[in-house]
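Asks: Dropping a structure here in structure tokens format, bear with me for questions.
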Protein chains: 2
Amino acid sequence: MAQYSAQHRVLIAVDCIIFGFDGAELKLLVVQRALEPQIGNWSLMGGFVEEGEDPNDAASRVLYKLTGLKDVYMEQLSVFGRPNRDPVERTISVAYSALINIKEYETQLSDAYRAEWIPLKDVPALIFDHDEMVAAAKVHLRYKAALHPVLFELLPEKFTIPQIMVLYEQVYNVELDKRNFMRKLRSTGLLVKQADKDKEGSRKGAFYYKLDQETYKDKFSSFLHFIPQP
Amino acid sequence: MAQYSAQHRVLIAVDCIIFGFDGAELKLLVVQRALEPQIGNWSLMGGFVEEGEDPNDAASRVLYKLTGLKDVYMEQLSVFGRPNRDPVERTISVAYSALINIKEYETQLSDAYRAEWIPLKDVPALIFDHDEMVAAAKVHLRYKAALHPVLFELLPEKFTIPQIMVLYEQVYNVELDKRNFMRKLRSTGLLVKQADKDKEGSRKGAFYYKLDQETYKDKFSSFLHFIPQP
DNA sequence: AAAAAAAAATGTCAAAATGACATTTATGTT
DNA sequence: AACATAAATGTCATTTTGACATTTTTTTTT
């Protein structure tokens with residue numbers, strides 16, 4: 001017996017929901033589809049899982065091809081397998097959510113895929129069920145970030161408190177209280193204050209911080225409650 | 001163009017990690033594999049996704065075949081797709097975690113699959129990567145149940161406070177404080193006290209409770225924190 | 001050089017939630 | 001009637017939360 005003979009075989013794809021944050025707005029990295037059908041339409045970056053390839057590795061490969069980045073924070077979201085989601089042929093897709101430090105990416109920018117960062121709230125309709133994937137990724141991101149310091153993955157190595165706060169406000173579409181938010185942030189022990197300031201954003205300038213990598217790893221999985229009753 | 005011609009097609013399976021609770025112990029429903037290879041060995045209940053079938057529906061179908069139950073609480077866990085996880089042929093599996101009220105199932109018991117409830121801590125080695133699936137399901141269950149009242153899915157319609165507490169203690173392998181746990185539980189507004197008592201478990205008897213279905217739906221997604229820093 | 005403008009940084013207090021802990025209550029058994 | 005068993009309940013000190021306003025730093029303007 002070399003095969004489960006009677007069974008039905010399908011294509012497996014991966015699709016990446018790629019979030020980025022430029023200091024002011026939360027954005028999504030989308031591409032213009034390179035093959036028929038729907039060639040030229042907006043789409044998530046994706047690709048087929050190849051022979052002998054783990055789907056997780058396929059997602060990393062696809063992300064690397066687009067961004068040139070490795071070791072990106074990425075999580076498996078869920079499987080999208082509605083029978084006719086791809087009109088050409090039955091394809092089951094595994095959706096992955098990735099968080100990118102947008103500055104790092106910009107230096108790697110490649111035009112090969114006609115990729116664009118689009119503010120999350122302006123993202124146009126995407127092909128197939130990619131809109132649903134994005135919706136699921138947004139829900140997941142909100143859930144995750146309410147409890148775990150995952151949004152730091154979107155920030156550069158040195159960042160300021162006002163930047164983080166704007167980021168949280170973007171993700172949850174709320175206004176936060178500076179004092180309470182900062183108290184919470186401090187209490188996590190995640191931040192290491194730097195001596196210099198970011199003078200871009202204001203006259204006074206805001207102190208830079210870095211992540212305490214040790215604490216970050218230790219506390220990543222505990223419940224930190226950044227957002228009051230999200 | 002009718003196909004993405006050059007691509008590699010694979011089998012898609014679903015596997016169900018099925019939890020049950022008999023009032024004293026947390027158990028897993030496992031079966032003895034019906035086909036080669038590894039026929040007769042312990043395995044999760046699973047099956048192939050059929051033509052035109054959504055993977056979620058496949059999981060429901062597989063669960064129904066085994067237990068005769070519909071509308072069971074079930075969540076997609078994640079994809080297991082390591083290239084040689086199934087030695088016969090490349091098969092990518094979507095793992096689902098299900099929570100079953102064990103009493104309901106017992107009335108439906110069918111011998112067709114040589115299924116058995118095995119205490120979670122005594123589960124033998126399973127075929128392929130099913131051990132990893134179970135491990136992932138345990139992690140997920142702990143995570144989920146720390147925040148959401150999902151464990152009630154394991155209990156019968158009428159249950160007692162001591163029963164719930166034992167269940168939480170089983171899931172987290174800790175001892176909880178009766179008074180604090182009960183205070184937390186009350187504060188959720190999930191419980192409706194019944195007039196009668198369960199006299200099985202003790203002389204004094206423990207009052208039965210039911211879930212307030214409205215509140216359950218409303219609060220299911222909010223963060224309730226049943227477990228102090230899990 | 002002084003005043004104004006802009007955003008960052010910080011502190012207080014009352015209310016709510018938590019964690020630690022021991023006693024009383026109800027019922028069947030001896 | 002006394003005993004054994006498990007269920008049910010209450011208190012207090014500590015911590016965490018949420019609401020809220022002022023001071024500080026620096027650049028720009030006059």
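Following the order of the structure tokens, chains are lettered A, B, ..., residues in each are numbered from 1, and ligands are numbered from 1.
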Got a sec: who's within 9 Å of segment 33-35 of chain B, counting only C-alpha atoms (C1' of nucleotides), leaving out chain neighbours fewer than 4 positions off, as JSON, numbers by chain?
Replies: {"B": [39, 40, 41, 42, 43, 44, 45, 113, 114, 127]}
Asks: Please produce a file of those selected residues containing N, CA and C atoms, as an mmCIF file, in the first residue's frame.
Replies:
data_model
loop_
_atom_site.group_PDB
_atom_site.id
_atom_site.type_symbol
_atom_site.label_atom_id
_atom_site.label_comp_id
_atom_site.auth_asym_id
_atom_site.auth_seq_id
_atom_site.Cartn_x
_atom_site.Cartn_y
_atom_site.Cartn_z
ATOM 1 N N ILE B 39 -2.510 -0.128 11.992
ATOM 2 C CA ILE B 39 -3.866 -0.564 12.295
ATOM 3 C C ILE B 39 -3.919 -1.103 13.719
ATOM 4 N N GLY B 40 -4.977 -0.728 14.431
ATOM 5 C CA GLY B 40 -5.142 -1.183 15.806
ATOM 6 C C GLY B 40 -4.452 -0.342 16.850
ATOM 7 N N ASN B 41 -3.597 0.553 16.447
ATOM 8 C CA ASN B 41 -2.924 1.408 17.436
ATOM 9 C C ASN B 41 -3.799 2.594 17.828
ATOM 10 N N TRP B 42 -3.489 3.141 18.980
ATOM 11 C CA TRP B 42 -4.275 4.270 19.467
ATOM 12 C C TRP B 42 -4.040 5.506 18.611
ATOM 13 N N SER B 43 -5.131 6.204 18.392
ATOM 14 C CA SER B 43 -5.116 7.322 17.458
ATOM 15 C C SER B 43 -6.212 8.309 17.838
ATOM 16 N N LEU B 44 -6.079 9.516 17.392
ATOM 17 C CA LEU B 44 -7.207 10.429 17.446
ATOM 18 C C LEU B 44 -8.209 10.028 16.387
ATOM 19 N N MET B 45 -9.449 10.396 16.609
ATOM 20 C CA MET B 45 -10.457 10.166 15.583
ATOM 21 C C MET B 45 -10.228 11.172 14.461
ATOM 22 N N TYR B 113 -15.988 2.121 16.273
ATOM 23 C CA TYR B 113 -14.615 2.611 16.120
ATOM 24 C C TYR B 113 -13.674 2.165 17.226
ATOM 25 N N ARG B 114 -14.134 1.260 18.058
ATOM 26 C CA ARG B 114 -13.308 0.849 19.177
ATOM 27 C C ARG B 114 -12.756 2.081 19.890
ATOM 28 N N ILE B 127 -0.511 7.460 17.329
ATOM 29 C CA ILE B 127 0.177 7.341 16.037
ATOM 30 C C ILE B 127 0.593 8.714 15.493
#
Asks: Counting only C-alpha atoms (C1' of nucleotides), which residues from chain A have an atom at most 8 Å from any atom of chain D, and could you show them as a list in words?
Replies: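 That gives Asn180, Arg203, Lys204 and Gly205 of chain A for chain A.
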Asks: Would you write out those residues with all heavy atoms, as a compact mmCIF listing (two decimals), in the first residue's frame?
Replies:
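Once written, again-v2.txt looks like this:
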# COMPACT_ATOMS: atom_id res chain seq x y z
N ASN A 180 -2.55 56.24 32.82
CA ASN A 180 -2.83 54.86 33.15
C ASN A 180 -2.08 53.89 32.23
O ASN A 180 -1.58 52.86 32.68
CB ASN A 180 -4.33 54.59 33.09
CG ASN A 180 -5.09 55.37 34.14
OD1 ASN A 180 -4.50 55.83 35.13
ND2 ASN A 180 -6.38 55.54 33.94
N ARG A 203 8.33 69.20 19.96
CA ARG A 203 9.36 70.14 20.40
C ARG A 203 10.14 69.59 21.58
O ARG A 203 11.35 69.58 21.59
CB ARG A 203 8.70 71.46 20.81
CG ARG A 203 8.16 72.21 19.63
CD ARG A 203 7.50 73.49 20.06
NE ARG A 203 6.88 74.10 18.89
CZ ARG A 203 6.08 75.14 18.93
NH1 ARG A 203 5.78 75.70 20.08
NH2 ARG A 203 5.58 75.63 17.83
N LYS A 204 9.37 69.14 22.53
CA LYS A 204 10.02 68.67 23.76
C LYS A 204 10.84 67.41 23.51
O LYS A 204 11.90 67.21 24.10
CB LYS A 204 8.95 68.38 24.82
CG LYS A 204 9.52 67.94 26.14
CD LYS A 204 8.42 67.73 27.17
CE LYS A 204 9.00 67.20 28.46
NZ LYS A 204 7.97 66.93 29.46
N GLY A 205 10.35 66.60 22.63
CA GLY A 205 11.00 65.33 22.37
C GLY A 205 10.58 64.28 23.37
O GLY A 205 10.34 64.59 24.53
Asks: With 12 Å as the limit and counting only C-alpha atoms (C1' of nucleotides), what residues in chain B lie close to chain C? Please list them as an MDAnalysis selection string.
Replies: chainID B and resid 176:181 183:184 187 197 199:200 202:207 225:229
Asks: List the neighbours of segment 157-168 of chain B out to 6 Å using only C-alpha atoms (C1' of nucleotides); skip same-chain residues closer than 6 positions along the sequence, and give me the result as a list of chain:residue names.
Replies: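 Surrounding residues, per the criterion: B:Gly23, B:Phe207, B:Tyr208, B:Tyr209, B:Lys210.
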Asks: Report as number ranges by chain the set of chain A residues whose atoms approach chain B to within 8 Å, with distances computed over only C-alpha atoms.
Replies: A: 1-4, 7-12, 48-55, 76-79, 81-84, 88-89, 94, 222-223, 229-230
Asks: So what do you get for atom CA of Glu104 of chain A versus atom CA of Gln213 of chain A, distance-wise?
Replies: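 Spanning atom CA of Glu104 of chain A to atom CA of Gln213 of chain A is a straight-line distance of 18.6 Å.
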Asks: Per DSSP on the backbone, what are the strand (DSSP E or B) residues of segment 31-180 of chain B, as a ChimeraX atom specification?
Replies: /B:31-32,42-43,45-48,73-80,91-100,115-119,159-160
Asks: Do you have the atom CA of Asp15 of chain A-atom CA of Asp86 of chain A distance handy?
Replies: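 Atom CA of Asp15 of chain A sits 12.7 Å away from atom CA of Asp86 of chain A.
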Asks: In Å to one decimal, how far is atom CA of Lys144 of chain B from atom CA of Leu190 of chain B?
Replies: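 Separating atom CA of Leu190 of chain B from atom CA of Lys144 of chain B is a distance of 16.8 Å.
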